[in-house]
$ cat entry.tsv   # TSV, N, CA and C atoms
chain	number	residue	atom	x	y	z
A	1	MET	N	63.38	91.38	104.48
A	1	MET	CA	64.03	91.30	105.76
A	1	MET	C	65.43	91.89	105.64
A	2	ALA	N	65.80	92.70	106.59
A	2	ALA	CA	67.10	93.35	106.57
A	2	ALA	C	68.22	92.36	106.86
A	3	LYS	N	69.37	92.60	106.25
A	3	LYS	CA	70.53	91.76	106.51
A	3	LYS	C	71.02	92.00	107.94
A	4	LYS	N	71.63	91.01	108.53
A	4	LYS	CA	72.20	91.15	109.87
A	4	LYS	C	73.39	92.10	109.79
A	5	PHE	N	73.41	93.10	110.66
A	5	PHE	CA	74.47	94.10	110.63
A	5	PHE	C	75.72	93.56	111.32
A	6	PRO	N	76.85	93.49	110.63
A	6	PRO	CA	78.06	92.94	111.24
A	6	PRO	C	78.64	93.88	112.29
A	7	LEU	N	79.03	93.33	113.44
A	7	LEU	CA	79.56	94.14	114.52
A	7	LEU	C	81.01	94.56	114.27
A	8	GLN	N	81.81	93.66	113.75
A	8	GLN	CA	83.22	93.96	113.48
A	8	GLN	C	83.64	93.39	112.13
A	9	PRO	N	83.26	94.07	111.04
A	9	PRO	CA	83.65	93.56	109.72
A	9	PRO	C	85.16	93.66	109.52
A	10	VAL	N	85.69	92.80	108.67
A	10	VAL	CA	87.13	92.73	108.46
A	10	VAL	C	87.68	94.00	107.80
A	11	ASN	N	87.08	94.45	106.72
A	11	ASN	CA	87.53	95.64	106.00
A	11	ASN	C	86.37	96.61	105.80
A	12	PRO	N	85.96	97.32	106.84
A	12	PRO	CA	84.77	98.18	106.72
A	12	PRO	C	84.93	99.32	105.73
A	13	GLU	N	86.16	99.72	105.45
A	13	GLU	CA	86.40	100.83	104.53
A	13	GLU	C	86.09	100.49	103.09
A	14	ARG	N	85.89	99.24	102.76
A	14	ARG	CA	85.61	98.81	101.39
A	14	ARG	C	84.13	98.82	101.04
A	15	ILE	N	83.26	99.07	102.05
A	15	ILE	CA	81.82	98.94	101.85
A	15	ILE	C	81.11	100.22	102.32
A	16	CYS	N	80.02	100.56	101.64
A	16	CYS	CA	79.14	101.64	102.10
A	16	CYS	C	78.07	101.00	102.98
A	17	TRP	N	77.89	101.53	104.19
A	17	TRP	CA	76.98	100.95	105.17
A	17	TRP	C	75.68	101.74	105.26
A	18	GLY	N	75.34	102.54	104.25
A	18	GLY	CA	74.19	103.42	104.30
A	18	GLY	C	72.83	102.77	104.13
A	19	CYS	N	72.77	101.57	103.59
A	19	CYS	CA	71.50	100.86	103.44
A	19	CYS	C	71.76	99.36	103.50
A	20	ASP	N	70.76	98.56	103.19
A	20	ASP	CA	70.90	97.11	103.27
A	20	ASP	C	71.64	96.50	102.08
A	21	ARG	N	72.02	97.29	101.11
A	21	ARG	CA	72.69	96.74	99.94
A	21	ARG	C	74.17	96.46	100.19
A	22	TYR	N	74.80	97.24	101.07
A	22	TYR	CA	76.23	97.08	101.39
A	22	TYR	C	77.08	97.07	100.11
A	23	CYS	N	76.95	98.13	99.34
A	23	CYS	CA	77.66	98.24	98.06
A	23	CYS	C	79.16	98.44	98.28
A	24	SER	N	79.90	98.12	97.28
A	24	SER	CA	81.32	98.42	97.28
A	24	SER	C	81.50	99.93	97.35
A	25	ALA	N	82.55	100.40	97.99
A	25	ALA	CA	82.79	101.84	98.15
A	25	ALA	C	82.96	102.54	96.81
A	26	THR	N	83.30	101.80	95.76
A	26	THR	CA	83.48	102.39	94.44
A	26	THR	C	82.25	102.27	93.55
A	27	ASP	N	81.19	101.61	94.03
A	27	ASP	CA	80.01	101.36	93.22
A	27	ASP	C	78.74	101.56	94.05
A	28	LEU	N	78.44	102.81	94.39
A	28	LEU	CA	77.28	103.11	95.24
A	28	LEU	C	76.01	103.10	94.39
A	29	GLU	N	75.10	102.17	94.67
A	29	GLU	CA	73.91	101.98	93.85
A	29	GLU	C	72.68	102.74	94.35
A	30	CYS	N	72.57	103.00	95.64
A	30	CYS	CA	71.31	103.55	96.15
A	30	CYS	C	71.18	105.06	95.90
A	31	GLY	N	72.27	105.74	95.71
A	31	GLY	CA	72.20	107.17	95.42
A	31	GLY	C	71.77	108.02	96.59
A	32	ASN	N	72.02	107.56	97.82
A	32	ASN	CA	71.60	108.34	98.98
A	32	ASN	C	72.61	109.40	99.38
A	33	GLY	N	73.62	109.59	98.59
A	33	GLY	CA	74.62	110.60	98.88
A	33	GLY	C	75.80	110.48	97.93
A	34	ALA	N	76.70	111.43	98.02
A	34	ALA	CA	77.84	111.45	97.11
A	34	ALA	C	79.01	110.61	97.62
A	35	SER	N	79.00	110.25	98.91
A	35	SER	CA	80.10	109.47	99.45
A	35	SER	C	79.56	108.31	100.27
A	36	ARG	N	80.43	107.40	100.60
A	36	ARG	CA	80.02	106.20	101.35
A	36	ARG	C	79.74	106.53	102.81
A	37	THR	N	78.84	105.75	103.41
A	37	THR	CA	78.53	105.88	104.82
A	37	THR	C	79.46	104.95	105.58
A	38	GLN	N	80.17	105.49	106.57
A	38	GLN	CA	81.13	104.71	107.34
A	38	GLN	C	80.44	103.76	108.31
A	39	HIS	N	81.10	102.67	108.61
A	39	HIS	CA	80.63	101.73	109.63
A	39	HIS	C	80.95	102.35	110.99
A	40	PRO	N	80.11	102.14	112.00
A	40	PRO	CA	80.37	102.71	113.33
A	40	PRO	C	81.71	102.32	113.93
A	41	ILE	N	82.28	101.18	113.53
A	41	ILE	CA	83.58	100.79	114.06
A	41	ILE	C	84.66	101.76	113.61
A	42	GLU	N	84.48	102.38	112.43
A	42	GLU	CA	85.43	103.36	111.93
A	42	GLU	C	85.35	104.67	112.71
A	43	LEU	N	84.19	104.97	113.23
A	43	LEU	CA	83.97	106.23	113.94
A	43	LEU	C	84.19	106.12	115.44
A	44	PHE	N	83.75	105.00	116.04
A	44	PHE	CA	83.70	104.88	117.50
A	44	PHE	C	84.61	103.82	118.09
A	45	GLY	N	85.27	103.02	117.28
A	45	GLY	CA	86.16	101.98	117.79
A	45	GLY	C	85.50	100.61	117.83
A	46	GLU	N	86.28	99.60	118.24
A	46	GLU	CA	85.83	98.21	118.17
A	46	GLU	C	84.68	97.88	119.11
A	47	ASP	N	84.50	98.63	120.19
A	47	ASP	CA	83.42	98.34	121.13
A	47	ASP	C	82.24	99.28	120.94
A	48	TRP	N	82.02	99.74	119.73
A	48	TRP	CA	81.00	100.74	119.41
A	48	TRP	C	79.59	100.30	119.80
A	49	TYR	N	79.29	99.00	119.70
A	49	TYR	CA	77.94	98.50	119.95
A	49	TYR	C	77.60	98.38	121.43
A	50	LEU	N	78.60	98.54	122.32
A	50	LEU	CA	78.36	98.42	123.75
A	50	LEU	C	77.81	99.70	124.37
A	51	ASP	N	78.13	100.85	123.78
A	51	ASP	CA	77.67	102.15	124.28
A	51	ASP	C	76.57	102.71	123.40
A	52	GLY	N	75.62	103.39	123.99
A	52	GLY	CA	74.57	104.04	123.23
A	52	GLY	C	73.37	103.15	123.02
A	53	SER	N	72.42	103.68	122.30
A	53	SER	CA	71.16	102.96	122.05
A	53	SER	C	71.09	102.52	120.59
A	54	TRP	N	71.93	101.58	120.21
A	54	TRP	CA	71.98	101.08	118.85
A	54	TRP	C	70.88	100.07	118.57
A	55	GLY	N	70.29	99.52	119.62
A	55	GLY	CA	69.29	98.49	119.42
A	55	GLY	C	69.89	97.15	119.07
A	56	ILE	N	71.17	96.98	119.39
A	56	ILE	CA	71.88	95.73	119.12
A	56	ILE	C	72.25	95.11	120.45
A	57	GLU	N	71.84	93.86	120.63
A	57	GLU	CA	72.19	93.15	121.86
A	57	GLU	C	73.64	92.70	121.77
A	58	PRO	N	74.45	92.97	122.82
A	58	PRO	CA	75.82	92.47	122.80
A	58	PRO	C	75.83	90.95	122.73
A	59	PRO	N	76.74	90.37	121.94
A	59	PRO	CA	76.78	88.91	121.82
A	59	PRO	C	77.20	88.27	123.12
A	60	GLY	N	76.74	87.03	123.34
A	60	GLY	CA	77.16	86.27	124.50
A	60	GLY	C	78.61	85.84	124.34
A	61	ASP	N	79.18	85.25	125.36
A	61	ASP	CA	80.58	84.83	125.29
A	61	ASP	C	80.83	83.84	124.16
A	62	ASP	N	79.85	83.00	123.86
A	62	ASP	CA	80.02	82.02	122.79
A	62	ASP	C	79.80	82.62	121.40
A	63	GLN	N	79.29	83.86	121.31
A	63	GLN	CA	79.00	84.49	120.02
A	63	GLN	C	79.82	85.73	119.78
A	64	LYS	N	80.82	86.01	120.61
A	64	LYS	CA	81.61	87.23	120.41
A	64	LYS	C	82.34	87.18	119.09
A	65	PRO	N	82.41	88.33	118.39
A	65	PRO	CA	83.12	88.35	117.11
A	65	PRO	C	84.60	88.10	117.31
A	66	LYS	N	85.24	87.56	116.29
A	66	LYS	CA	86.68	87.31	116.36
A	66	LYS	C	87.42	88.64	116.47
A	67	GLN	N	88.56	88.62	117.13
A	67	GLN	CA	89.37	89.82	117.28
A	67	GLN	C	89.98	90.18	115.94
A	68	ARG	N	89.94	91.44	115.60
A	68	ARG	CA	90.52	91.90	114.34
A	68	ARG	C	92.03	91.92	114.44
A	69	GLN	N	92.70	91.45	113.42
A	69	GLN	CA	94.17	91.47	113.36
A	69	GLN	C	94.59	92.64	112.50
A	70	ILE	N	95.46	93.46	113.03
A	70	ILE	CA	95.92	94.63	112.26
A	70	ILE	C	97.36	94.44	111.86
$ encode --input "entry.tsv" --output "structure tokens"
Amino acid sequence: MAKKFPLQPVNPERICWGCDRYCSATDLECGNGASRTQHPIELFGEDWYLDGSWGIEPPGDDQKPKQRQI
């Protein structure tokens, strides 16, 4: 069973999002490429899951992810 994909991870730049392993950016185990796969939040912004056909249901008001602090 696949791991639940996080909508707004705290430090997405530290992890490769290319498969279900979620390896550290410095220790890529799956060998699917020479560099890490970015999380969609890095490419499209914090509301990335609301637009497009990601197949992810937006969380209800009681399940919304915490706001990221920068």
$ atom_distance --input "entry.tsv" --atom1 "CA of Cys30 (chain A)" --atom2 "CA of Glu46 (chain A)"
26.9 Å
$ closest_residue --input "entry.tsv" --among "A:Tyr49, A:Ile41, A:Arg36, A:Lys3" --to "Asp20 (chain A)" --atoms "only N, CA and C atoms"
A:Lys3
$ atom_distance --input "entry.tsv" --atom1 "atom C of Thr37 (chain A)" --atom2 "atom C of Arg14 (chain A)"
8.9 Å
$ atom_distance --input "entry.tsv" --atom1 "atom C of Gly55 (chain A)" --atom2 "atom N of Cys19 (chain A)"
16.4 Å
$ select_by_dssp --input "entry.tsv" --residues "region 19-64 of chain A" --states "helix (DSSP H, G or I)" --output "count of residues only"
11
$ decode --input "entry.tsv" --residues "region 1-37 of chain A" --atoms "N, CA and C atoms" --output "compact mmCIF listing (two decimals), in the first residue's frame"
# COMPACT_ATOMS: atom_id res chain seq x y z
N MET A 1 0.83 -1.17 0.00
CA MET A 1 0.00 0.00 0.00
C MET A 1 0.88 1.25 0.00
N ALA A 2 0.55 2.20 -0.82
CA ALA A 2 1.33 3.41 -0.93
C ALA A 2 1.15 4.29 0.30
N LYS A 3 2.22 5.01 0.64
CA LYS A 3 2.14 5.94 1.75
C LYS A 3 1.24 7.12 1.36
N LYS A 4 0.61 7.73 2.35
CA LYS A 4 -0.22 8.90 2.10
C LYS A 4 0.69 10.06 1.69
N PHE A 5 0.34 10.72 0.59
CA PHE A 5 1.17 11.80 0.08
C PHE A 5 0.89 13.08 0.85
N PRO A 6 1.90 13.68 1.49
CA PRO A 6 1.66 14.89 2.27
C PRO A 6 1.37 16.09 1.38
N LEU A 7 0.36 16.88 1.75
CA LEU A 7 -0.02 18.04 0.95
C LEU A 7 0.92 19.21 1.15
N GLN A 8 1.34 19.45 2.38
CA GLN A 8 2.24 20.56 2.68
C GLN A 8 3.31 20.13 3.66
N PRO A 9 4.34 19.40 3.18
CA PRO A 9 5.40 18.97 4.09
C PRO A 9 6.21 20.16 4.60
N VAL A 10 6.80 20.01 5.76
CA VAL A 10 7.53 21.11 6.40
C VAL A 10 8.78 21.49 5.61
N ASN A 11 9.61 20.55 5.24
CA ASN A 11 10.85 20.82 4.51
C ASN A 11 10.91 19.93 3.26
N PRO A 12 10.16 20.25 2.22
CA PRO A 12 10.10 19.37 1.05
C PRO A 12 11.43 19.24 0.32
N GLU A 13 12.31 20.22 0.46
CA GLU A 13 13.59 20.20 -0.24
C GLU A 13 14.54 19.14 0.31
N ARG A 14 14.26 18.56 1.45
CA ARG A 14 15.12 17.55 2.06
C ARG A 14 14.82 16.13 1.60
N ILE A 15 13.74 15.96 0.82
CA ILE A 15 13.28 14.62 0.46
C ILE A 15 13.09 14.51 -1.05
N CYS A 16 13.34 13.32 -1.60
CA CYS A 16 13.03 13.03 -2.99
C CYS A 16 11.62 12.44 -3.02
N TRP A 17 10.74 13.00 -3.85
CA TRP A 17 9.34 12.59 -3.89
C TRP A 17 9.05 11.71 -5.09
N GLY A 18 10.06 11.09 -5.69
CA GLY A 18 9.89 10.32 -6.91
C GLY A 18 9.24 8.96 -6.78
N CYS A 19 9.21 8.40 -5.59
CA CYS A 19 8.56 7.10 -5.37
C CYS A 19 8.04 7.04 -3.94
N ASP A 20 7.60 5.88 -3.51
CA ASP A 20 7.03 5.74 -2.16
C ASP A 20 8.09 5.65 -1.07
N ARG A 21 9.34 5.65 -1.41
CA ARG A 21 10.38 5.52 -0.39
C ARG A 21 10.66 6.83 0.34
N TYR A 22 10.47 7.96 -0.35
CA TYR A 22 10.72 9.29 0.24
C TYR A 22 12.11 9.37 0.86
N CYS A 23 13.11 9.09 0.04
CA CYS A 23 14.50 9.08 0.50
C CYS A 23 15.00 10.49 0.80
N SER A 24 16.01 10.55 1.60
CA SER A 24 16.69 11.81 1.85
C SER A 24 17.28 12.31 0.53
N ALA A 25 17.34 13.61 0.34
CA ALA A 25 17.85 14.18 -0.92
C ALA A 25 19.31 13.80 -1.17
N THR A 26 20.04 13.41 -0.13
CA THR A 26 21.44 13.03 -0.28
C THR A 26 21.64 11.52 -0.40
N ASP A 27 20.56 10.74 -0.30
CA ASP A 27 20.67 9.28 -0.31
C ASP A 27 19.55 8.67 -1.15
N LEU A 28 19.62 8.85 -2.46
CA LEU A 28 18.56 8.36 -3.35
C LEU A 28 18.76 6.86 -3.60
N GLU A 29 17.81 6.04 -3.15
CA GLU A 29 17.94 4.59 -3.23
C GLU A 29 17.32 3.95 -4.47
N CYS A 30 16.30 4.56 -5.05
CA CYS A 30 15.58 3.87 -6.12
C CYS A 30 16.31 3.94 -7.47
N GLY A 31 17.17 4.90 -7.65
CA GLY A 31 17.93 4.99 -8.89
C GLY A 31 17.10 5.39 -10.09
N ASN A 32 16.00 6.11 -9.88
CA ASN A 32 15.16 6.50 -11.01
C ASN A 32 15.64 7.77 -11.70
N GLY A 33 16.77 8.27 -11.32
CA GLY A 33 17.32 9.46 -11.94
C GLY A 33 18.53 9.95 -11.17
N ALA A 34 19.18 10.96 -11.73
CA ALA A 34 20.40 11.47 -11.12
C ALA A 34 20.13 12.53 -10.06
N SER A 35 18.91 13.09 -10.05
CA SER A 35 18.60 14.13 -9.08
C SER A 35 17.26 13.85 -8.42
N ARG A 36 16.98 14.56 -7.36
CA ARG A 36 15.74 14.34 -6.61
C ARG A 36 14.53 14.89 -7.36
N THR A 37 13.38 14.28 -7.12
CA THR A 37 12.13 14.74 -7.69
C THR A 37 11.51 15.72 -6.70
